[in-house]
Amino acid sequence: MRRLQRFADWTTAQDPSVCAEYAVECRADGCGAAFDVKEDCSAVQSWQHEHMKKTGHREFWEHASHPTIVTAPPGSIVASRVAEYSRTAAETGPKQVRA
Ligand SMILES: [Zn+2]
C-alpha cells in the first residue's frame, strides 16, 4: 500500500515591526562588563573594540535575538485559531493562550 504524506506549508519569517536585539559580555575573569543594543549590531562590535583598547580583554560572548512570526498553512485549523486570537486581542488586548 502506498502512502502519501503531505507536509504543511509553514513559514517562519523575521518580524519587521520589532527590532532585533544584540548583546555582548566580556569573558575575562572578574570583569563582568556587558553591553546591549537594539537594531544596530555594529554598535556591539564597536563596544568590543573600545573595551579591548581600555582593558586588553579580547574574549566575549555575543548574543543576537531576532523576532519572528510563524505562519500556519492557509485554511488549516491552526490558521483559524490564530485569526480568532488576533480578532480577540484587537478587541480586548492580548491574552495568555494555553497550548
Ligand atoms: Zn572585560
# chains A, B, ... in the order shown; residues from 1 in each chain; ligands from 1
>>> residues_near_ligand(ligand="ligand 1", cutoff="10 Å", atoms="only C-alpha atoms and all ligand atoms", output="MDAnalysis selection string")
chainID A and resid 25:34 48 51:52 54:60
>>> write_last_selection(atoms="N, CA and C atoms", output="PDB file, in the first residue's frame")
ATOM      1  N   GLU A  25      29.035  40.183  26.186  1.00  0.00           N
ATOM      2  CA  GLU A  25      29.570  40.136  27.551  1.00  0.00           C
ATOM      3  C   GLU A  25      31.053  39.818  27.470  1.00  0.00           C
ATOM      4  N   CYS A  26      31.814  40.492  28.294  1.00  0.00           N
ATOM      5  CA  CYS A  26      33.237  40.196  28.370  1.00  0.00           C
ATOM      6  C   CYS A  26      33.422  38.894  29.150  1.00  0.00           C
ATOM      7  N   ARG A  27      34.303  37.999  28.669  1.00  0.00           N
ATOM      8  CA  ARG A  27      34.535  36.699  29.306  1.00  0.00           C
ATOM      9  C   ARG A  27      35.756  36.696  30.222  1.00  0.00           C
ATOM     10  N   ALA A  28      36.436  37.836  30.349  1.00  0.00           N
ATOM     11  CA  ALA A  28      37.629  37.873  31.213  1.00  0.00           C
ATOM     12  C   ALA A  28      37.227  37.659  32.659  1.00  0.00           C
ATOM     13  N   ASP A  29      38.001  36.870  33.383  1.00  0.00           N
ATOM     14  CA  ASP A  29      37.696  36.581  34.785  1.00  0.00           C
ATOM     15  C   ASP A  29      37.531  37.863  35.586  1.00  0.00           C
ATOM     16  N   GLY A  30      36.383  37.965  36.289  1.00  0.00           N
ATOM     17  CA  GLY A  30      36.135  39.078  37.180  1.00  0.00           C
ATOM     18  C   GLY A  30      35.755  40.385  36.530  1.00  0.00           C
ATOM     19  N   CYS A  31      35.636  40.454  35.237  1.00  0.00           N
ATOM     20  CA  CYS A  31      35.309  41.721  34.563  1.00  0.00           C
ATOM     21  C   CYS A  31      33.813  42.026  34.666  1.00  0.00           C
ATOM     22  N   GLY A  32      32.989  41.197  34.042  1.00  0.00           N
ATOM     23  CA  GLY A  32      31.541  41.390  34.112  1.00  0.00           C
ATOM     24  C   GLY A  32      30.996  42.505  33.238  1.00  0.00           C
ATOM     25  N   ALA A  33      31.830  43.137  32.405  1.00  0.00           N
ATOM     26  CA  ALA A  33      31.334  44.208  31.540  1.00  0.00           C
ATOM     27  C   ALA A  33      30.398  43.630  30.489  1.00  0.00           C
ATOM     28  N   ALA A  34      29.341  44.391  30.186  1.00  0.00           N
ATOM     29  CA  ALA A  34      28.362  43.935  29.209  1.00  0.00           C
ATOM     30  C   ALA A  34      27.751  45.142  28.517  1.00  0.00           C
ATOM     31  N   GLN A  48      33.033  46.262  21.748  1.00  0.00           N
ATOM     32  CA  GLN A  48      34.093  45.275  21.995  1.00  0.00           C
ATOM     33  C   GLN A  48      35.471  45.869  21.712  1.00  0.00           C
ATOM     34  N   HIS A  51      36.319  48.297  24.475  1.00  0.00           N
ATOM     35  CA  HIS A  51      36.595  47.586  25.724  1.00  0.00           C
ATOM     36  C   HIS A  51      37.987  46.950  25.671  1.00  0.00           C
ATOM     37  N   MET A  52      38.326  46.402  24.534  1.00  0.00           N
ATOM     38  CA  MET A  52      39.650  45.785  24.388  1.00  0.00           C
ATOM     39  C   MET A  52      40.758  46.835  24.487  1.00  0.00           C
ATOM     40  N   LYS A  54      40.677  49.580  26.188  1.00  0.00           N
ATOM     41  CA  LYS A  54      40.788  50.051  27.577  1.00  0.00           C
ATOM     42  C   LYS A  54      41.352  49.002  28.515  1.00  0.00           C
ATOM     43  N   THR A  55      41.005  47.720  28.276  1.00  0.00           N
ATOM     44  CA  THR A  55      41.303  46.683  29.270  1.00  0.00           C
ATOM     45  C   THR A  55      42.279  45.612  28.799  1.00  0.00           C
ATOM     46  N   GLY A  56      42.372  45.428  27.497  1.00  0.00           N
ATOM     47  CA  GLY A  56      43.168  44.321  26.962  1.00  0.00           C
ATOM     48  C   GLY A  56      42.370  43.019  26.888  1.00  0.00           C
ATOM     49  N   HIS A  57      41.147  43.051  27.373  1.00  0.00           N
ATOM     50  CA  HIS A  57      40.296  41.844  27.302  1.00  0.00           C
ATOM     51  C   HIS A  57      39.864  41.625  25.853  1.00  0.00           C
ATOM     52  N   ARG A  58      39.937  40.377  25.380  1.00  0.00           N
ATOM     53  CA  ARG A  58      39.575  40.145  23.974  1.00  0.00           C
ATOM     54  C   ARG A  58      38.680  38.941  23.750  1.00  0.00           C
ATOM     55  N   GLU A  59      38.106  38.390  24.828  1.00  0.00           N
ATOM     56  CA  GLU A  59      37.216  37.238  24.693  1.00  0.00           C
ATOM     57  C   GLU A  59      35.820  37.612  25.179  1.00  0.00           C
ATOM     58  N   PHE A  60      34.819  37.372  24.344  1.00  0.00           N
ATOM     59  CA  PHE A  60      33.451  37.822  24.611  1.00  0.00           C
ATOM     60  C   PHE A  60      32.439  36.735  24.276  1.00  0.00           C
TER      61      PHE A  60
END
>>> select_by_dssp(residues="stretch 14-76 of chain A", states="alpha helix (DSSP H)", output="MDAnalysis selection string")
chainID A and resid 41:55
>>> write_last_selection(atoms="N, CA and C atoms", output="short mmCIF file (atom, residue, chain, number, x, y, z; two decimals), in the first residue's frame")
data_model
loop_
_atom_site.label_atom_id
_atom_site.label_comp_id
_atom_site.auth_asym_id
_atom_site.auth_seq_id
_atom_site.Cartn_x
_atom_site.Cartn_y
_atom_site.Cartn_z
N CYS A 41 23.76 46.15 15.15
CA CYS A 41 24.76 45.17 15.58
C CYS A 41 26.18 45.72 15.47
N SER A 42 26.41 46.76 14.65
CA SER A 42 27.75 47.33 14.55
C SER A 42 28.15 48.02 15.86
N ALA A 43 27.17 48.48 16.65
CA ALA A 43 27.48 49.10 17.94
C ALA A 43 28.09 48.08 18.89
N VAL A 44 27.68 46.82 18.77
CA VAL A 44 28.25 45.75 19.60
C VAL A 44 29.73 45.56 19.26
N GLN A 45 30.03 45.58 17.98
CA GLN A 45 31.43 45.42 17.55
C GLN A 45 32.27 46.60 18.05
N SER A 46 31.72 47.81 17.94
CA SER A 46 32.44 49.00 18.40
C SER A 46 32.70 48.93 19.89
N TRP A 47 31.67 48.47 20.65
CA TRP A 47 31.85 48.37 22.11
C TRP A 47 32.99 47.39 22.43
N GLN A 48 33.03 46.26 21.75
CA GLN A 48 34.09 45.27 21.99
C GLN A 48 35.47 45.87 21.71
N HIS A 49 35.58 46.61 20.63
CA HIS A 49 36.87 47.20 20.26
C HIS A 49 37.32 48.20 21.33
N GLU A 50 36.37 49.04 21.78
CA GLU A 50 36.70 50.03 22.81
C GLU A 50 37.07 49.35 24.13
N HIS A 51 36.32 48.30 24.48
CA HIS A 51 36.59 47.59 25.72
C HIS A 51 37.99 46.95 25.67
N MET A 52 38.33 46.40 24.53
CA MET A 52 39.65 45.78 24.39
C MET A 52 40.76 46.84 24.49
N LYS A 53 40.52 48.00 23.88
CA LYS A 53 41.53 49.07 23.96
C LYS A 53 41.77 49.49 25.40
N LYS A 54 40.68 49.58 26.19
CA LYS A 54 40.79 50.05 27.58
C LYS A 54 41.35 49.00 28.52
N THR A 55 41.00 47.72 28.28
CA THR A 55 41.30 46.68 29.27
C THR A 55 42.28 45.61 28.80
#
>>> atom_distance(atom1="atom CA of A:Thr71", atom2="atom CA of A:Glu39")
23.4 Å
>>> atom_distance(atom1="atom CA of A:Ser80", atom2="atom CA of A:Thr11")
15.8 Å
>>> residues_around(residues="A:Val37", least_positions_apart="5", cutoff="10 Å", atoms="only C-alpha atoms", output="ChimeraX atom specification")
/A:19-24,42-44,64
>>> atom_distance(atom1="atom CA of A:Ile69", atom2="atom CA of A:Tyr85")
14.4 Å
>>> residues_around(residues="A:Trp10", least_positions_apart="6", cutoff="10 Å", atoms="only C-alpha atoms", output="ChimeraX atom specification")
/A:70-74
>>> write_last_selection(atoms="C-alpha atoms", output="short mmCIF file (atom, residue, chain, number, x, y, z; two decimals), in the first residue's frame")
data_model
loop_
_atom_site.label_atom_id
_atom_site.label_comp_id
_atom_site.auth_asym_id
_atom_site.auth_seq_id
_atom_site.Cartn_x
_atom_site.Cartn_y
_atom_site.Cartn_z
CA VAL A 70 5.25 31.86 12.24
CA THR A 71 2.52 31.49 9.63
CA ALA A 72 0.30 28.40 9.52
CA PRO A 73 -0.85 26.93 6.21
CA PRO A 74 -3.85 28.86 4.84
#
>>> select_by_dssp(residues="chain A", states="strand (DSSP E or B)", output="JSON, numbers by chain")
{"A": [11, 12, 13, 14, 21, 22, 23, 24, 25, 26, 34, 35, 36, 37, 38, 60, 61, 62, 63, 64, 65, 68, 69, 70, 71]}
>>> write_last_selection(atoms="C-alpha atoms", output="PDB file, in the first residue's frame")
ATOM      1  CA  THR A  11       6.695  29.575   7.240  1.00  0.00           C
ATOM      2  CA  THR A  12       8.845  31.421   9.753  1.00  0.00           C
ATOM      3  CA  ALA A  13       9.991  34.918   8.928  1.00  0.00           C
ATOM      4  CA  GLN A  14      11.607  37.827  10.695  1.00  0.00           C
ATOM      5  CA  GLU A  21      18.492  42.803  19.860  1.00  0.00           C
ATOM      6  CA  TYR A  22      22.222  42.285  20.253  1.00  0.00           C
ATOM      7  CA  ALA A  23      24.286  41.873  23.385  1.00  0.00           C
ATOM      8  CA  VAL A  24      27.887  41.148  24.299  1.00  0.00           C
ATOM      9  CA  GLU A  25      29.570  40.136  27.551  1.00  0.00           C
ATOM     10  CA  CYS A  26      33.237  40.196  28.370  1.00  0.00           C
ATOM     11  CA  ALA A  34      28.362  43.935  29.209  1.00  0.00           C
ATOM     12  CA  PHE A  35      26.575  45.944  26.545  1.00  0.00           C
ATOM     13  CA  ASP A  36      23.285  45.525  24.691  1.00  0.00           C
ATOM     14  CA  VAL A  37      21.556  47.413  21.933  1.00  0.00           C
ATOM     15  CA  LYS A  38      18.541  47.157  19.640  1.00  0.00           C
ATOM     16  CA  PHE A  60      33.451  37.822  24.611  1.00  0.00           C
ATOM     17  CA  TRP A  61      30.045  36.174  24.393  1.00  0.00           C
ATOM     18  CA  GLU A  62      27.835  37.625  21.675  1.00  0.00           C
ATOM     19  CA  HIS A  63      24.077  37.127  21.674  1.00  0.00           C
ATOM     20  CA  ALA A  64      21.614  38.024  18.940  1.00  0.00           C
ATOM     21  CA  SER A  65      17.826  37.809  19.210  1.00  0.00           C
ATOM     22  CA  THR A  68       9.990  36.014  14.258  1.00  0.00           C
ATOM     23  CA  ILE A  69       6.472  35.385  13.010  1.00  0.00           C
ATOM     24  CA  VAL A  70       5.254  31.861  12.240  1.00  0.00           C
ATOM     25  CA  THR A  71       2.523  31.487   9.632  1.00  0.00           C
TER      26      THR A  71
END
>>> decode(residues="stretch 14-95 of chain A", atoms="C-alpha atoms", output="PDB file, in the first residue's frame")
ATOM      1  CA  GLN A  14      11.607  37.827  10.695  1.00  0.00           C
ATOM      2  CA  ASP A  15       9.093  40.298  12.153  1.00  0.00           C
ATOM      3  CA  PRO A  16       9.877  43.683  10.535  1.00  0.00           C
ATOM      4  CA  SER A  17       7.847  45.568  13.165  1.00  0.00           C
ATOM      5  CA  VAL A  18      10.182  44.659  16.050  1.00  0.00           C
ATOM      6  CA  CYS A  19      13.889  45.455  16.349  1.00  0.00           C
ATOM      7  CA  ALA A  20      16.450  42.708  16.656  1.00  0.00           C
ATOM      8  CA  GLU A  21      18.492  42.803  19.860  1.00  0.00           C
ATOM      9  CA  TYR A  22      22.222  42.285  20.253  1.00  0.00           C
ATOM     10  CA  ALA A  23      24.286  41.873  23.385  1.00  0.00           C
ATOM     11  CA  VAL A  24      27.887  41.148  24.299  1.00  0.00           C
ATOM     12  CA  GLU A  25      29.570  40.136  27.551  1.00  0.00           C
ATOM     13  CA  CYS A  26      33.237  40.196  28.370  1.00  0.00           C
ATOM     14  CA  ARG A  27      34.535  36.699  29.306  1.00  0.00           C
ATOM     15  CA  ALA A  28      37.629  37.873  31.213  1.00  0.00           C
ATOM     16  CA  ASP A  29      37.696  36.581  34.785  1.00  0.00           C
ATOM     17  CA  GLY A  30      36.135  39.078  37.180  1.00  0.00           C
ATOM     18  CA  CYS A  31      35.309  41.721  34.563  1.00  0.00           C
ATOM     19  CA  GLY A  32      31.541  41.390  34.112  1.00  0.00           C
ATOM     20  CA  ALA A  33      31.334  44.208  31.540  1.00  0.00           C
ATOM     21  CA  ALA A  34      28.362  43.935  29.209  1.00  0.00           C
ATOM     22  CA  PHE A  35      26.575  45.944  26.545  1.00  0.00           C
ATOM     23  CA  ASP A  36      23.285  45.525  24.691  1.00  0.00           C
ATOM     24  CA  VAL A  37      21.556  47.413  21.933  1.00  0.00           C
ATOM     25  CA  LYS A  38      18.541  47.157  19.640  1.00  0.00           C
ATOM     26  CA  GLU A  39      18.824  47.098  15.847  1.00  0.00           C
ATOM     27  CA  ASP A  40      22.459  48.192  15.440  1.00  0.00           C
ATOM     28  CA  CYS A  41      24.763  45.171  15.582  1.00  0.00           C
ATOM     29  CA  SER A  42      27.755  47.328  14.554  1.00  0.00           C
ATOM     30  CA  ALA A  43      27.477  49.103  17.940  1.00  0.00           C
ATOM     31  CA  VAL A  44      28.250  45.752  19.599  1.00  0.00           C
ATOM     32  CA  GLN A  45      31.430  45.424  17.553  1.00  0.00           C
ATOM     33  CA  SER A  46      32.444  48.999  18.396  1.00  0.00           C
ATOM     34  CA  TRP A  47      31.851  48.369  22.108  1.00  0.00           C
ATOM     35  CA  GLN A  48      34.093  45.275  21.995  1.00  0.00           C
ATOM     36  CA  HIS A  49      36.873  47.200  20.265  1.00  0.00           C
ATOM     37  CA  GLU A  50      36.704  50.031  22.807  1.00  0.00           C
ATOM     38  CA  HIS A  51      36.595  47.586  25.724  1.00  0.00           C
ATOM     39  CA  MET A  52      39.650  45.785  24.388  1.00  0.00           C
ATOM     40  CA  LYS A  53      41.529  49.075  23.957  1.00  0.00           C
ATOM     41  CA  LYS A  54      40.788  50.051  27.577  1.00  0.00           C
ATOM     42  CA  THR A  55      41.303  46.683  29.270  1.00  0.00           C
ATOM     43  CA  GLY A  56      43.168  44.321  26.962  1.00  0.00           C
ATOM     44  CA  HIS A  57      40.296  41.844  27.302  1.00  0.00           C
ATOM     45  CA  ARG A  58      39.575  40.145  23.974  1.00  0.00           C
ATOM     46  CA  GLU A  59      37.216  37.238  24.693  1.00  0.00           C
ATOM     47  CA  PHE A  60      33.451  37.822  24.611  1.00  0.00           C
ATOM     48  CA  TRP A  61      30.045  36.174  24.393  1.00  0.00           C
ATOM     49  CA  GLU A  62      27.835  37.625  21.675  1.00  0.00           C
ATOM     50  CA  HIS A  63      24.077  37.127  21.674  1.00  0.00           C
ATOM     51  CA  ALA A  64      21.614  38.024  18.940  1.00  0.00           C
ATOM     52  CA  SER A  65      17.826  37.809  19.210  1.00  0.00           C
ATOM     53  CA  HIS A  66      15.630  38.127  16.157  1.00  0.00           C
ATOM     54  CA  PRO A  67      11.848  38.478  16.475  1.00  0.00           C
ATOM     55  CA  THR A  68       9.990  36.014  14.258  1.00  0.00           C
ATOM     56  CA  ILE A  69       6.472  35.385  13.010  1.00  0.00           C
ATOM     57  CA  VAL A  70       5.254  31.861  12.240  1.00  0.00           C
ATOM     58  CA  THR A  71       2.523  31.487   9.632  1.00  0.00           C
ATOM     59  CA  ALA A  72       0.302  28.403   9.523  1.00  0.00           C
ATOM     60  CA  PRO A  73      -0.852  26.932   6.212  1.00  0.00           C
ATOM     61  CA  PRO A  74      -3.854  28.863   4.836  1.00  0.00           C
ATOM     62  CA  GLY A  75      -7.133  27.127   5.617  1.00  0.00           C
ATOM     63  CA  SER A  76      -5.693  24.987   8.410  1.00  0.00           C
ATOM     64  CA  ILE A  77      -7.312  24.648  11.847  1.00  0.00           C
ATOM     65  CA  VAL A  78      -4.326  26.445  13.354  1.00  0.00           C
ATOM     66  CA  ALA A  79      -4.759  29.349  10.918  1.00  0.00           C
ATOM     67  CA  SER A  80      -8.362  29.696  12.114  1.00  0.00           C
ATOM     68  CA  ARG A  81      -7.230  29.703  15.738  1.00  0.00           C
ATOM     69  CA  VAL A  82      -4.629  32.401  15.001  1.00  0.00           C
ATOM     70  CA  ALA A  83      -7.262  34.529  13.268  1.00  0.00           C
ATOM     71  CA  GLU A  84      -9.590  34.145  16.254  1.00  0.00           C
ATOM     72  CA  TYR A  85      -6.796  35.062  18.679  1.00  0.00           C
ATOM     73  CA  SER A  86      -5.887  38.145  16.608  1.00  0.00           C
ATOM     74  CA  ARG A  87      -9.528  39.261  16.453  1.00  0.00           C
ATOM     75  CA  THR A  88      -9.955  38.809  20.235  1.00  0.00           C
ATOM     76  CA  ALA A  89      -6.647  40.538  21.007  1.00  0.00           C
ATOM     77  CA  ALA A  90      -7.649  43.507  18.849  1.00  0.00           C
ATOM     78  CA  GLU A  91     -10.906  43.829  20.783  1.00  0.00           C
ATOM     79  CA  THR A  92      -9.758  43.171  24.347  1.00  0.00           C
ATOM     80  CA  GLY A  93      -5.962  43.180  24.331  1.00  0.00           C
ATOM     81  CA  PRO A  94      -3.630  40.183  24.204  1.00  0.00           C
ATOM     82  CA  LYS A  95      -4.371  37.231  26.489  1.00  0.00           C
TER      83      LYS A  95
END
